[in-house]
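Chemist: Pasting target_17.tsv here (TSV, C-alpha atoms):
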chain	number	residue	atom	x	y	z
A	97	MET	CA	-24.62	4.31	14.61
A	98	ARG	CA	-21.29	2.54	14.16
A	99	GLU	CA	-18.35	4.76	15.09
A	100	TYR	CA	-14.69	4.22	14.27
A	101	ARG	CA	-11.67	6.06	15.59
A	102	ILE	CA	-9.31	7.00	12.77
A	103	ALA	CA	-5.86	8.53	13.17
A	104	ALA	CA	-5.08	10.70	10.13
A	105	ILE	CA	-1.34	11.24	9.60
A	106	PRO	CA	-0.93	13.23	6.37
A	107	GLY	CA	2.86	13.35	6.75
A	108	ASP	CA	4.92	15.09	4.08
A	109	GLY	CA	4.58	16.66	0.65
A	110	ILE	CA	1.42	15.73	-1.23
A	111	GLY	CA	0.42	13.51	1.67
A	112	THR	CA	-1.31	16.50	3.25
A	113	GLU	CA	-3.23	17.16	0.03
A	114	VAL	CA	-4.41	13.63	-0.74
A	115	ILE	CA	-5.34	12.74	2.85
A	116	GLY	CA	-7.36	15.95	3.06
A	117	ALA	CA	-9.12	14.96	-0.15
A	118	GLY	CA	-9.64	11.42	1.13
A	119	LEU	CA	-11.28	12.67	4.31
A	120	GLU	CA	-13.68	14.77	2.21
A	121	VAL	CA	-14.67	11.68	0.27
A	122	LEU	CA	-15.12	9.70	3.47
A	123	ARG	CA	-17.40	12.44	4.85
A	124	ALA	CA	-19.45	12.21	1.66
A	125	LEU	CA	-19.79	8.48	2.25
A	126	GLU	CA	-20.84	9.05	5.86
A	127	LYS	CA	-23.57	11.38	4.67
A	128	ARG	CA	-24.66	9.03	1.89
A	129	ASP	CA	-24.64	5.89	4.04
A	130	GLY	CA	-25.89	7.25	7.35
A	131	GLY	CA	-24.93	4.12	9.25
A	132	PHE	CA	-21.39	4.88	10.37
A	133	ARG	CA	-19.28	7.74	11.61
A	134	LEU	CA	-15.53	8.28	11.54
A	135	ALA	CA	-14.09	10.09	14.55
A	136	VAL	CA	-10.89	11.44	13.02
A	137	GLU	CA	-7.91	12.57	15.06
A	138	HIS	CA	-5.45	14.64	13.03
A	139	LEU	CA	-1.80	14.01	13.94
A	140	PRO	CA	0.77	16.45	12.44
A	141	TRP	CA	3.67	14.03	12.51
A	142	GLY	CA	6.35	13.97	9.83
A	143	SER	CA	9.29	16.01	8.64
A	144	ASP	CA	8.04	19.38	9.88
A	145	TYR	CA	7.43	17.79	13.27
A	146	TYR	CA	11.00	16.47	13.14
A	147	ARG	CA	12.40	19.94	12.51
A	148	ARG	CA	10.61	21.23	15.59
A	149	ASN	CA	11.14	18.26	17.90
A	150	GLY	CA	14.04	16.16	16.60
A	151	ARG	CA	11.68	13.19	16.09
A	152	MET	CA	9.24	12.19	13.36
A	153	MET	CA	6.56	11.44	15.95
A	154	PRO	CA	6.32	11.69	19.73
A	155	GLU	CA	8.23	9.20	21.83
A	156	ASN	CA	4.90	7.72	22.94
A	157	GLY	CA	3.47	7.81	19.40
A	158	LEU	CA	2.67	4.11	19.22
A	159	GLU	CA	0.93	4.26	22.58
A	160	LEU	CA	-1.20	7.15	21.31
A	161	LEU	CA	-2.20	5.10	18.26
A	162	LYS	CA	-3.00	1.84	20.04
A	163	GLY	CA	-6.62	2.68	20.69
A	164	VAL	CA	-7.62	3.67	17.16
A	165	ASP	CA	-9.46	1.41	14.74
A	166	ALA	CA	-7.28	2.33	11.74
A	167	ILE	CA	-4.55	4.71	10.64
A	168	TYR	CA	-4.96	6.76	7.45
A	169	PHE	CA	-1.45	7.71	6.35
A	170	GLY	CA	-0.33	10.05	3.59
A	171	ALA	CA	3.38	9.94	2.81
A	172	VAL	CA	6.80	10.34	4.36
A	173	GLY	CA	9.97	11.82	2.93
A	174	ASP	CA	11.47	15.28	2.59
A	175	PRO	CA	14.32	16.34	0.28
A	176	GLY	CA	15.80	18.36	3.14
A	177	LEU	CA	16.18	15.34	5.43
A	178	PRO	CA	17.89	11.94	5.00
A	179	ASP	CA	15.44	9.34	3.72
A	180	HIS	CA	16.46	6.77	6.32
A	181	VAL	CA	15.65	9.26	9.11
A	182	THR	CA	12.16	10.04	7.83
A	183	LEU	CA	11.21	6.49	6.86
A	184	TRP	CA	12.48	4.72	9.97
A	185	GLY	CA	11.22	7.47	12.23
A	186	LEU	CA	7.58	7.20	11.19
A	187	ARG	CA	6.25	4.72	8.65
A	188	LEU	CA	8.51	1.78	9.44
A	189	ALA	CA	8.28	2.53	13.15
A	190	ILE	CA	4.52	2.08	12.93
A	191	CYS	CA	4.62	-0.97	10.63
A	192	GLN	CA	7.11	-2.85	12.79
A	193	GLY	CA	5.82	-1.57	16.11
A	194	PHE	CA	2.30	-2.77	15.32
A	195	ASP	CA	3.42	-5.98	13.58
A	196	GLN	CA	1.72	-4.97	10.34
A	197	TYR	CA	3.38	-7.85	8.56
A	198	ALA	CA	1.03	-8.13	5.57
A	199	ASN	CA	1.36	-5.31	3.06
A	200	VAL	CA	-1.41	-5.68	0.47
A	201	ARG	CA	-1.21	-3.79	-2.82
A	202	PRO	CA	-3.94	-4.29	-5.44
A	203	ALA	CA	-3.25	-3.33	-9.04
A	204	ARG	CA	-5.76	-3.38	-11.87
A	205	LEU	CA	-6.94	-1.33	-14.80
A	206	LEU	CA	-9.58	1.22	-13.88
A	207	PRO	CA	-12.11	2.35	-16.51
A	208	GLY	CA	-10.73	5.11	-18.70
A	209	ILE	CA	-7.11	4.43	-17.70
A	210	PRO	CA	-5.61	2.02	-20.21
A	211	GLY	CA	-2.05	2.02	-18.85
A	212	PRO	CA	1.06	1.23	-20.87
A	213	LEU	CA	-0.05	-2.32	-21.73
A	214	ARG	CA	-2.69	-1.11	-24.14
A	215	ALA	CA	-3.50	-4.50	-25.61
A	216	VAL	CA	-4.35	-5.95	-22.19
A	217	LYS	CA	-8.01	-6.27	-21.25
A	218	PRO	CA	-9.08	-5.25	-17.73
A	219	ALA	CA	-10.02	-8.84	-16.87
A	220	GLU	CA	-6.45	-9.89	-17.69
A	221	PHE	CA	-4.85	-7.40	-15.31
A	222	ASP	CA	-6.23	-7.75	-11.81
A	223	TRP	CA	-3.50	-8.49	-9.29
A	224	ILE	CA	-2.84	-8.34	-5.59
A	225	ILE	CA	0.79	-8.16	-4.52
A	226	VAL	CA	1.41	-9.30	-0.95
A	227	ARG	CA	4.58	-7.94	0.59
A	228	GLU	CA	6.18	-9.29	3.75
A	229	ASN	CA	6.29	-6.04	5.69
A	230	THR	CA	8.27	-6.32	8.93
A	231	GLU	CA	11.48	-8.27	8.30
A	232	GLY	CA	13.55	-9.40	5.31
A	233	GLU	CA	15.70	-6.80	3.64
A	234	TYR	CA	14.10	-3.99	5.67
A	235	SER	CA	14.60	-5.59	9.06
A	236	GLY	CA	16.99	-2.87	10.16
A	237	ALA	CA	19.74	-5.31	11.12
A	238	GLY	CA	23.26	-4.20	10.28
A	239	GLY	CA	25.52	-1.24	10.90
A	240	ARG	CA	28.56	0.78	9.85
A	241	VAL	CA	32.05	0.51	11.23
A	242	HIS	CA	35.35	2.38	10.61
A	243	ARG	CA	33.42	5.47	9.55
A	244	GLY	CA	35.33	7.87	7.35
A	245	LEU	CA	38.23	5.49	6.79
A	246	PRO	CA	39.05	3.73	3.51
A	247	GLU	CA	38.04	0.41	5.06
A	248	GLU	CA	34.62	1.70	6.15
A	249	VAL	CA	31.98	-1.03	5.95
A	250	GLY	CA	28.18	-0.72	5.76
A	251	LEU	CA	26.06	-3.82	6.35
A	252	ASP	CA	22.36	-4.36	5.87
A	253	VAL	CA	21.44	-7.90	6.85
A	254	ALA	CA	18.26	-9.45	5.46
A	255	VAL	CA	16.56	-11.34	8.27
A	256	PHE	CA	14.10	-14.09	7.40
A	257	THR	CA	12.44	-16.06	10.19
A	258	ARG	CA	10.46	-19.22	9.75
A	259	THR	CA	7.58	-17.58	11.60
A	260	GLY	CA	7.67	-14.51	9.36
A	261	VAL	CA	7.89	-16.49	6.12
A	262	GLU	CA	5.17	-18.97	7.07
A	263	ARG	CA	2.65	-16.40	8.20
A	264	ILE	CA	2.96	-14.23	5.10
A	265	MET	CA	2.68	-17.28	2.84
A	266	ARG	CA	-0.40	-18.53	4.68
A	267	PHE	CA	-1.91	-15.06	4.39
A	268	ALA	CA	-1.25	-15.05	0.64
A	269	PHE	CA	-2.61	-18.58	0.15
A	270	ALA	CA	-5.80	-17.62	2.00
A	271	LEU	CA	-6.17	-14.46	-0.07
A	272	ALA	CA	-5.71	-16.41	-3.29
A	273	GLY	CA	-8.31	-18.92	-2.11
A	274	ALA	CA	-10.85	-16.13	-1.69
A	275	ARG	CA	-10.47	-14.96	-5.29
A	276	PRO	CA	-12.09	-16.55	-8.36
A	277	ARG	CA	-8.89	-17.68	-10.07
A	278	LYS	CA	-7.32	-19.18	-6.93
A	279	ARG	CA	-3.80	-18.68	-8.19
A	280	LEU	CA	-0.65	-17.78	-6.25
A	281	THR	CA	2.81	-16.89	-7.53
A	282	VAL	CA	5.69	-16.96	-5.02
A	283	VAL	CA	8.65	-14.74	-5.91
A	284	THR	CA	12.18	-15.30	-4.57
A	285	LYS	CA	15.80	-15.14	-5.70
A	286	SER	CA	16.89	-18.49	-4.32
A	287	ASN	CA	19.35	-19.22	-7.12
A	288	ALA	CA	21.64	-16.46	-5.82
A	289	GLN	CA	20.53	-15.94	-2.22
A	290	ARG	CA	21.10	-19.43	-0.95
A	291	HIS	CA	20.12	-19.06	2.69
A	292	GLY	CA	17.15	-16.75	3.33
A	293	MET	CA	15.54	-17.36	-0.04
A	294	VAL	CA	16.02	-21.10	0.20
A	295	LEU	CA	14.24	-20.88	3.55
A	296	TRP	CA	11.33	-19.38	1.59
A	297	ASP	CA	11.48	-22.33	-0.79
A	298	ASP	CA	11.56	-24.85	2.07
A	299	VAL	CA	8.61	-23.27	3.88
A	300	LEU	CA	6.63	-23.16	0.63
A	301	ALA	CA	7.30	-26.86	0.04
A	302	GLU	CA	5.99	-27.61	3.54
A	303	LEU	CA	2.85	-25.48	3.19
A	304	ARG	CA	1.65	-26.10	-0.33
A	305	GLY	CA	-0.01	-29.40	0.59
A	306	ASP	CA	-2.31	-27.50	2.96
A	307	TYR	CA	-3.82	-25.62	0.02
A	308	PRO	CA	-4.67	-28.20	-2.66
A	309	ASP	CA	-7.21	-25.91	-4.33
A	310	ILE	CA	-4.66	-23.18	-5.06
A	311	ALA	CA	-2.75	-23.24	-8.34
A	312	MET	CA	0.75	-22.27	-7.25
A	313	ASP	CA	3.92	-21.46	-9.17
A	314	LYS	CA	7.32	-19.91	-8.37
A	315	MET	CA	9.34	-17.20	-10.10
A	316	LEU	CA	12.72	-15.59	-9.64
A	317	VAL	CA	12.28	-11.87	-9.15
A	318	ASP	CA	14.13	-10.82	-12.31
A	319	ALA	CA	12.05	-13.16	-14.46
A	320	MET	CA	8.94	-11.87	-12.69
A	321	THR	CA	9.44	-8.36	-14.04
A	322	THR	CA	9.36	-9.75	-17.56
A	323	ARG	CA	6.27	-11.82	-16.88
A	324	MET	CA	4.40	-8.83	-15.46
A	325	VAL	CA	4.95	-6.93	-18.71
A	326	LEU	CA	4.60	-9.70	-21.28
A	327	LYS	CA	2.12	-12.11	-19.65
A	328	PRO	CA	0.05	-10.13	-17.13
A	329	GLU	CA	-2.96	-12.39	-17.64
A	330	THR	CA	-1.08	-15.28	-15.97
A	331	LEU	CA	-0.91	-13.52	-12.59
A	332	ASP	CA	-3.40	-13.21	-9.75
A	333	VAL	CA	-1.99	-13.06	-6.20
A	334	VAL	CA	1.77	-12.57	-5.82
A	335	VAL	CA	3.75	-12.90	-2.60
A	336	ALA	CA	7.34	-11.75	-2.15
A	337	THR	CA	9.86	-10.40	0.32
A	338	ASN	CA	9.86	-6.88	1.69
A	339	LEU	CA	12.29	-5.52	-0.91
A	340	HIS	CA	11.18	-7.58	-3.91
A	341	ALA	CA	7.48	-6.82	-3.43
A	342	ASP	CA	8.26	-3.15	-2.82
A	343	VAL	CA	9.85	-2.94	-6.27
A	344	LEU	CA	7.34	-5.19	-8.04
A	345	SER	CA	4.36	-3.29	-6.67
A	346	ASP	CA	5.73	0.00	-8.01
A	347	LEU	CA	6.06	-1.66	-11.41
A	348	ALA	CA	2.50	-2.95	-11.07
A	349	ALA	CA	1.24	0.55	-10.26
A	350	ALA	CA	3.02	2.02	-13.28
A	351	LEU	CA	1.59	-0.69	-15.54
A	352	SER	CA	-1.90	0.14	-14.25
A	353	GLY	CA	-1.44	3.76	-15.29
A	354	SER	CA	0.27	5.70	-12.50
A	355	LEU	CA	1.69	5.46	-9.01
A	356	GLY	CA	-0.95	8.02	-8.16
A	357	ILE	CA	-3.83	5.55	-8.26
A	358	ALA	CA	-2.28	2.71	-6.25
A	359	PRO	CA	-3.41	1.88	-2.69
A	360	THR	CA	-1.77	0.01	0.17
A	361	ALA	CA	-2.95	-1.71	3.33
A	362	ASN	CA	-0.42	-2.47	6.08
A	363	LEU	CA	-2.29	-5.14	7.99
A	364	ASN	CA	-1.96	-6.76	11.35
A	365	PRO	CA	-4.23	-9.66	10.34
A	366	GLU	CA	-4.81	-10.84	13.90
A	367	ARG	CA	-6.03	-7.31	14.80
A	368	LYS	CA	-3.98	-7.14	17.97
A	369	PHE	CA	-2.89	-3.70	16.76
A	370	PRO	CA	-4.42	-1.16	14.38
A	371	SER	CA	-3.67	-1.48	10.68
A	372	MET	CA	-2.46	1.39	8.52
A	373	PHE	CA	-3.69	2.42	5.07
A	374	GLU	CA	-1.69	4.60	2.68
A	375	PRO	CA	-1.45	5.43	-1.01
A	376	ILE	CA	1.68	4.07	-2.63
A	377	HIS	CA	3.03	7.21	-4.31
A	378	GLY	CA	5.18	8.85	-1.64
A	379	SER	CA	5.60	12.53	-0.82
A	380	ALA	CA	6.27	13.77	-4.41
A	381	PHE	CA	7.70	17.14	-3.43
A	382	ASP	CA	8.12	18.03	-7.10
A	383	ILE	CA	4.37	18.63	-7.37
A	384	ALA	CA	3.50	19.45	-3.75
A	385	GLY	CA	1.44	22.60	-3.33
A	386	ARG	CA	0.51	22.83	-7.01
A	387	GLY	CA	-2.96	21.34	-6.60
A	388	ILE	CA	-2.40	18.59	-9.18
A	389	ALA	CA	-1.67	15.57	-6.96
A	390	ASN	CA	-3.73	12.54	-7.92
A	391	PRO	CA	-6.04	11.73	-4.98
A	392	LEU	CA	-7.35	8.45	-6.45
A	393	GLY	CA	-4.73	6.37	-4.61
A	394	SER	CA	-5.88	7.85	-1.31
A	395	PHE	CA	-9.53	7.17	-2.24
A	396	TRP	CA	-8.84	3.54	-3.15
A	397	THR	CA	-6.84	3.26	0.07
A	398	ALA	CA	-9.84	4.64	1.97
A	399	ALA	CA	-12.00	1.94	0.39
A	400	MET	CA	-9.58	-0.71	1.66
A	401	MET	CA	-9.75	0.87	5.12
A	402	LEU	CA	-13.55	0.79	5.09
A	403	GLU	CA	-13.56	-2.85	4.06
A	404	HIS	CA	-11.14	-3.65	6.89
A	405	LEU	CA	-13.51	-1.89	9.31
A	406	GLY	CA	-16.39	-4.04	8.10
A	407	GLU	CA	-18.10	-1.33	6.04
A	408	LYS	CA	-18.11	-3.35	2.82
A	409	ALA	CA	-21.11	-1.61	1.28
A	410	ALA	CA	-19.50	1.81	1.72
A	411	ALA	CA	-16.20	0.47	0.37
A	412	GLY	CA	-17.96	-0.85	-2.72
A	413	ARG	CA	-19.81	2.42	-3.15
A	414	LEU	CA	-16.52	4.33	-3.03
A	415	MET	CA	-14.86	2.06	-5.59
A	416	GLY	CA	-17.89	2.45	-7.83
A	417	ALA	CA	-17.63	6.24	-7.57
A	418	ILE	CA	-13.91	6.09	-8.42
A	419	GLU	CA	-14.56	3.92	-11.47
A	420	ARG	CA	-17.40	6.10	-12.73
A	421	THR	CA	-15.20	9.17	-12.39
A	422	THR	CA	-12.22	7.68	-14.22
A	423	GLY	CA	-14.52	6.20	-16.83
A	424	GLU	CA	-15.84	9.65	-17.74
A	425	GLY	CA	-12.33	10.62	-18.82
A	426	LYS	CA	-12.81	14.30	-17.87
A	427	PHE	CA	-11.32	14.21	-14.39
A	428	LEU	CA	-7.82	12.83	-14.81
A	429	THR	CA	-4.80	14.50	-13.24
A	430	PRO	CA	-1.59	15.17	-15.25
A	431	ASP	CA	0.04	11.89	-14.22
A	432	LEU	CA	-2.79	10.16	-16.10
A	433	GLY	CA	-2.52	12.40	-19.14
A	434	GLY	CA	-5.30	14.78	-18.08
A	435	ARG	CA	-5.51	18.36	-16.84
A	436	ALA	CA	-7.75	18.03	-13.80
A	437	THR	CA	-6.79	19.33	-10.38
A	438	THR	CA	-6.94	17.50	-7.08
A	439	ARG	CA	-9.97	19.65	-6.23
A	440	GLU	CA	-11.81	18.73	-9.42
A	441	VAL	CA	-11.21	15.00	-9.02
A	442	THR	CA	-12.32	15.12	-5.38
A	443	ASP	CA	-15.50	17.01	-6.24
A	444	ALA	CA	-16.27	14.58	-9.07
A	445	VAL	CA	-15.94	11.54	-6.80
A	446	CYS	CA	-18.07	13.22	-4.11
A	447	ARG	CA	-20.77	13.91	-6.71
A	448	ALA	CA	-20.63	10.30	-7.85
A	449	ILE	CA	-21.09	9.15	-4.25
A	450	ALA	CA	-24.03	11.49	-3.69
A	451	GLY	CA	-25.71	10.32	-6.90
A	452	ASP	CA	-25.16	6.61	-6.24
A	453	ASN	CA	-28.51	4.93	-5.77
A	454	SER	CA	-27.15	1.43	-5.28
How does the structure come out when it is put into structure tokens?
Modeler:
Amino acid sequence: MREYRIAAIPGDGIGTEVIGAGLEVLRALEKRDGGFRLAVEHLPWGSDYYRRNGRMMPENGLELLKGVDAIYFGAVGDPGLPDHVTLWGLRLAICQGFDQYANVRPARLLPGIPGPLRAVKPAEFDWIIVRENTEGEYSGAGGRVHRGLPEEVGLDVAVFTRTGVERIMRFAFALAGARPRKRLTVVTKSNAQRHGMVLWDDVLAELRGDYPDIAMDKMLVDAMTTRMVLKPETLDVVVATNLHADVLSDLAAALSGSLGIAPTANLNPERKFPSMFEPIHGSAFDIAGRGIANPLGSFWTAAMMLEHLGEKAAAGRLMGAIERTTGEGKFLTPDLGGRATTREVTDAVCRAIAGDNS
């Protein structure tokens, strides 16, 4: 039997609820498949850990994670703590520490969830947004000086390296080449940001000849928001900087129906370090503990994790169960216009897995 070591870090807010639900679904898949086993280590890192220890995770946290096959992450963020403390202390520390430079965020219309673009057919809305995940606007370079004085200055410096830009573009080109439409859109803001963004343009010009089979076009990020809403059928794979893709992928999730259904993979493509898989929605303290958090994003994320581990049949089975459940229309949480609870959605997906004869 194939065994994989998984580190489960539920984190904050609804992260604990959706990761718990995701692990139930994964156990149902283990039972249904019979060919693999997930050895899950539960790590209680996050804001509560910070309150007890003054850190979001142990000092040797990365060392403890090095030996796992994947990380299943819930959410980070607590209204009682500064956002930059919680984010940089856990999620970004893992992404940068493990060089998870490719953030992959699919967005498409699931059965029974029409989304705001009601005239769009499912075949016309099937995107993957690739986000450069370790440098750019979230590099962490900068500082504050003259604190508390009128001349106080705060600087955040976007850092773009040729290595970082080239590898994320090559990753996106390869991903586009593996999809039927073979189309890539590169998003920048090089009309206003004349150094780092022009570096993106220059690297793209150097690379595009290596991928003659890919239909490629460029967009400025502001124009891209309009295109996503008015011409979604023209998009396939999109690649952008850390900040730009962060914003665009939230828009993509909203257009697909809800942030609650959107998944994310933080990949170290060379597999020198473990990759991390998380739903996109964040800690959502406004609904935490109410039993109504949408677990579908964590389920889709689990499917991406299984595919990364090589369990493609199980990943496909899970996505099929998700789509059958949403297609029924009875098990939708409030963010999708329904009245179902996290428990009811989880049970429905588990039943769909158990009844899958594919």
Chemist: Step by step: start from the point (1.7, 0.3, 7.2) in the file's coordinates, keep every protein, DNA or RNA residue that has an atom no farther than 9 Å from it, count only C-alpha atoms, and write the set as a ChimeraX atom specification.
Modeler: /A:167,169,187-188,190-192,194,196-199,229,360-364,371-374
Chemist: Selected residues, C-alpha atoms, written as an mmCIF file, in the coordinates of the input, please.
Modeler:
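Everything below was put into selection-v5.cif:
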data_model
loop_
_atom_site.group_PDB
_atom_site.id
_atom_site.type_symbol
_atom_site.label_atom_id
_atom_site.label_comp_id
_atom_site.auth_asym_id
_atom_site.auth_seq_id
_atom_site.Cartn_x
_atom_site.Cartn_y
_atom_site.Cartn_z
ATOM 1 C CA ILE A 167 -4.550 4.710 10.640
ATOM 2 C CA PHE A 169 -1.450 7.710 6.350
ATOM 3 C CA ARG A 187 6.250 4.720 8.650
ATOM 4 C CA LEU A 188 8.510 1.780 9.440
ATOM 5 C CA ILE A 190 4.520 2.080 12.930
ATOM 6 C CA CYS A 191 4.620 -0.970 10.630
ATOM 7 C CA GLN A 192 7.110 -2.850 12.790
ATOM 8 C CA PHE A 194 2.300 -2.770 15.320
ATOM 9 C CA GLN A 196 1.720 -4.970 10.340
ATOM 10 C CA TYR A 197 3.380 -7.850 8.560
ATOM 11 C CA ALA A 198 1.030 -8.130 5.570
ATOM 12 C CA ASN A 199 1.360 -5.310 3.060
ATOM 13 C CA ASN A 229 6.290 -6.040 5.690
ATOM 14 C CA THR A 360 -1.770 0.010 0.170
ATOM 15 C CA ALA A 361 -2.950 -1.710 3.330
ATOM 16 C CA ASN A 362 -0.420 -2.470 6.080
ATOM 17 C CA LEU A 363 -2.290 -5.140 7.990
ATOM 18 C CA ASN A 364 -1.960 -6.760 11.350
ATOM 19 C CA SER A 371 -3.670 -1.480 10.680
ATOM 20 C CA MET A 372 -2.460 1.390 8.520
ATOM 21 C CA PHE A 373 -3.690 2.420 5.070
ATOM 22 C CA GLU A 374 -1.690 4.600 2.680
#
Chemist: A:Leu355, A:Leu326, A:Ile449, A:Ala348: which is nearest Val216 of chain A, counting only C-alpha atoms?
Modeler: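 Looking at the shortest contact to Val216 of chain A, the residue is A:Leu326.
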Chemist: Within 8 Å of Tyr234 of chain A, counting only C-alpha atoms, which residues qualify if same-chain residues fewer than 5 places away don't, as a PyMOL selection string?
Modeler: chain A and resi 254+338-339
Chemist: Next, the residues of the selection above should be written as a PDB file, in the coordinates of the input with C-alpha atoms.
Modeler:
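Writing done, so here's out_29.pdb:
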ATOM      1  CA  ALA A 254      18.260  -9.450   5.460  1.00  0.00           C
ATOM      2  CA  ASN A 338       9.860  -6.880   1.690  1.00  0.00           C
ATOM      3  CA  LEU A 339      12.290  -5.520  -0.910  1.00  0.00           C
TER       4      LEU A 339
END
Chemist: Place a sphere of radius 12 Å on (6.4, 11.5, 12.3) in the file coordinates and name every protein, DNA or RNA residue with an atom inside or on its surface, counting all atoms listed in the file; give the answer as a PyMOL selection string.
Modeler: chain A and resi 104-108+139-158+169-174+181-190
Chemist: Need the shell around Asp297 of chain A: protein/DNA/RNA residues with any atom at most 12 Å away, counting only C-alpha atoms. Skip same-chain ones fewer than 3 positions apart. Format as a PyMOL selection string?
Modeler: chain A and resi 256+258+261-262+265+282-287+289-294+300-304+313-316+336
Chemist: Restricted to C-alpha atoms, what would the selected residues look like written as a PDB file, in the frame of the given file?
Modeler:
ATOM      1  CA  PHE A 256      14.100 -14.090   7.400  1.00  0.00           C
ATOM      2  CA  ARG A 258      10.460 -19.220   9.750  1.00  0.00           C
ATOM      3  CA  VAL A 261       7.890 -16.490   6.120  1.00  0.00           C
ATOM      4  CA  GLU A 262       5.170 -18.970   7.070  1.00  0.00           C
ATOM      5  CA  MET A 265       2.680 -17.280   2.840  1.00  0.00           C
ATOM      6  CA  VAL A 282       5.690 -16.960  -5.020  1.00  0.00           C
ATOM      7  CA  VAL A 283       8.650 -14.740  -5.910  1.00  0.00           C
ATOM      8  CA  THR A 284      12.180 -15.300  -4.570  1.00  0.00           C
ATOM      9  CA  LYS A 285      15.800 -15.140  -5.700  1.00  0.00           C
ATOM     10  CA  SER A 286      16.890 -18.490  -4.320  1.00  0.00           C
ATOM     11  CA  ASN A 287      19.350 -19.220  -7.120  1.00  0.00           C
ATOM     12  CA  GLN A 289      20.530 -15.940  -2.220  1.00  0.00           C
ATOM     13  CA  ARG A 290      21.100 -19.430  -0.950  1.00  0.00           C
ATOM     14  CA  HIS A 291      20.120 -19.060   2.690  1.00  0.00           C
ATOM     15  CA  GLY A 292      17.150 -16.750   3.330  1.00  0.00           C
ATOM     16  CA  MET A 293      15.540 -17.360  -0.040  1.00  0.00           C
ATOM     17  CA  VAL A 294      16.020 -21.100   0.200  1.00  0.00           C
ATOM     18  CA  LEU A 300       6.630 -23.160   0.630  1.00  0.00           C
ATOM     19  CA  ALA A 301       7.300 -26.860   0.040  1.00  0.00           C
ATOM     20  CA  GLU A 302       5.990 -27.610   3.540  1.00  0.00           C
ATOM     21  CA  LEU A 303       2.850 -25.480   3.190  1.00  0.00           C
ATOM     22  CA  ARG A 304       1.650 -26.100  -0.330  1.00  0.00           C
ATOM     23  CA  ASP A 313       3.920 -21.460  -9.170  1.00  0.00           C
ATOM     24  CA  LYS A 314       7.320 -19.910  -8.370  1.00  0.00           C
ATOM     25  CA  MET A 315       9.340 -17.200 -10.100  1.00  0.00           C
ATOM     26  CA  LEU A 316      12.720 -15.590  -9.640  1.00  0.00           C
ATOM     27  CA  ALA A 336       7.340 -11.750  -2.150  1.00  0.00           C
TER      28      ALA A 336
END
Chemist: For Val164 of chain A, find every residue with an atom within 12 Å (counting only C-alpha atoms), except residues of its own chain fewer than 2 positions away, and show them as JSON, numbers by chain.
Modeler: {"A": [99, 100, 101, 102, 103, 104, 134, 135, 136, 137, 138, 158, 159, 160, 161, 162, 166, 167, 168, 194, 367, 368, 369, 370, 371, 372, 405]}
Chemist: May I ask which of the residues A:Pro202, A:Gly176, A:Pro308, A:Gly131 is the closest one to Pro359 of chain A, counting all atoms listed in the file?
Modeler: A:Pro202
Chemist: Of the candidates A:Leu392, A:Val249, A:Val317, A:Val121, which one gets nearest to Ile209 of chain A if we count only C-alpha atoms?
Modeler: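 Of the candidates, the smallest distance to Ile209 of chain A is held by A:Leu392.
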Chemist: Record the distance separating atom CA of Ser354 of chain A and atom CA of Gly211 of chain A, expressed in Å with one decimal.
Modeler: 7.7 Å
Chemist: If you measure from atom CA of Glu228 of chain A to atom CA of Leu271 of chain A, what distance in Å do you get, rounded to one decimal?
Modeler: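 Straight-line distance from atom CA of Glu228 of chain A to atom CA of Leu271 of chain A works out to 13.9 Å.
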Chemist: Can you pull out every residue within 8 Å of Gly353 of chain A, counting all atoms listed in the file, but drop anything in the same chain fewer than 2 positions away, and send it as number ranges by chain?
Modeler: A: 205, 209-212, 349-351, 355, 357, 432
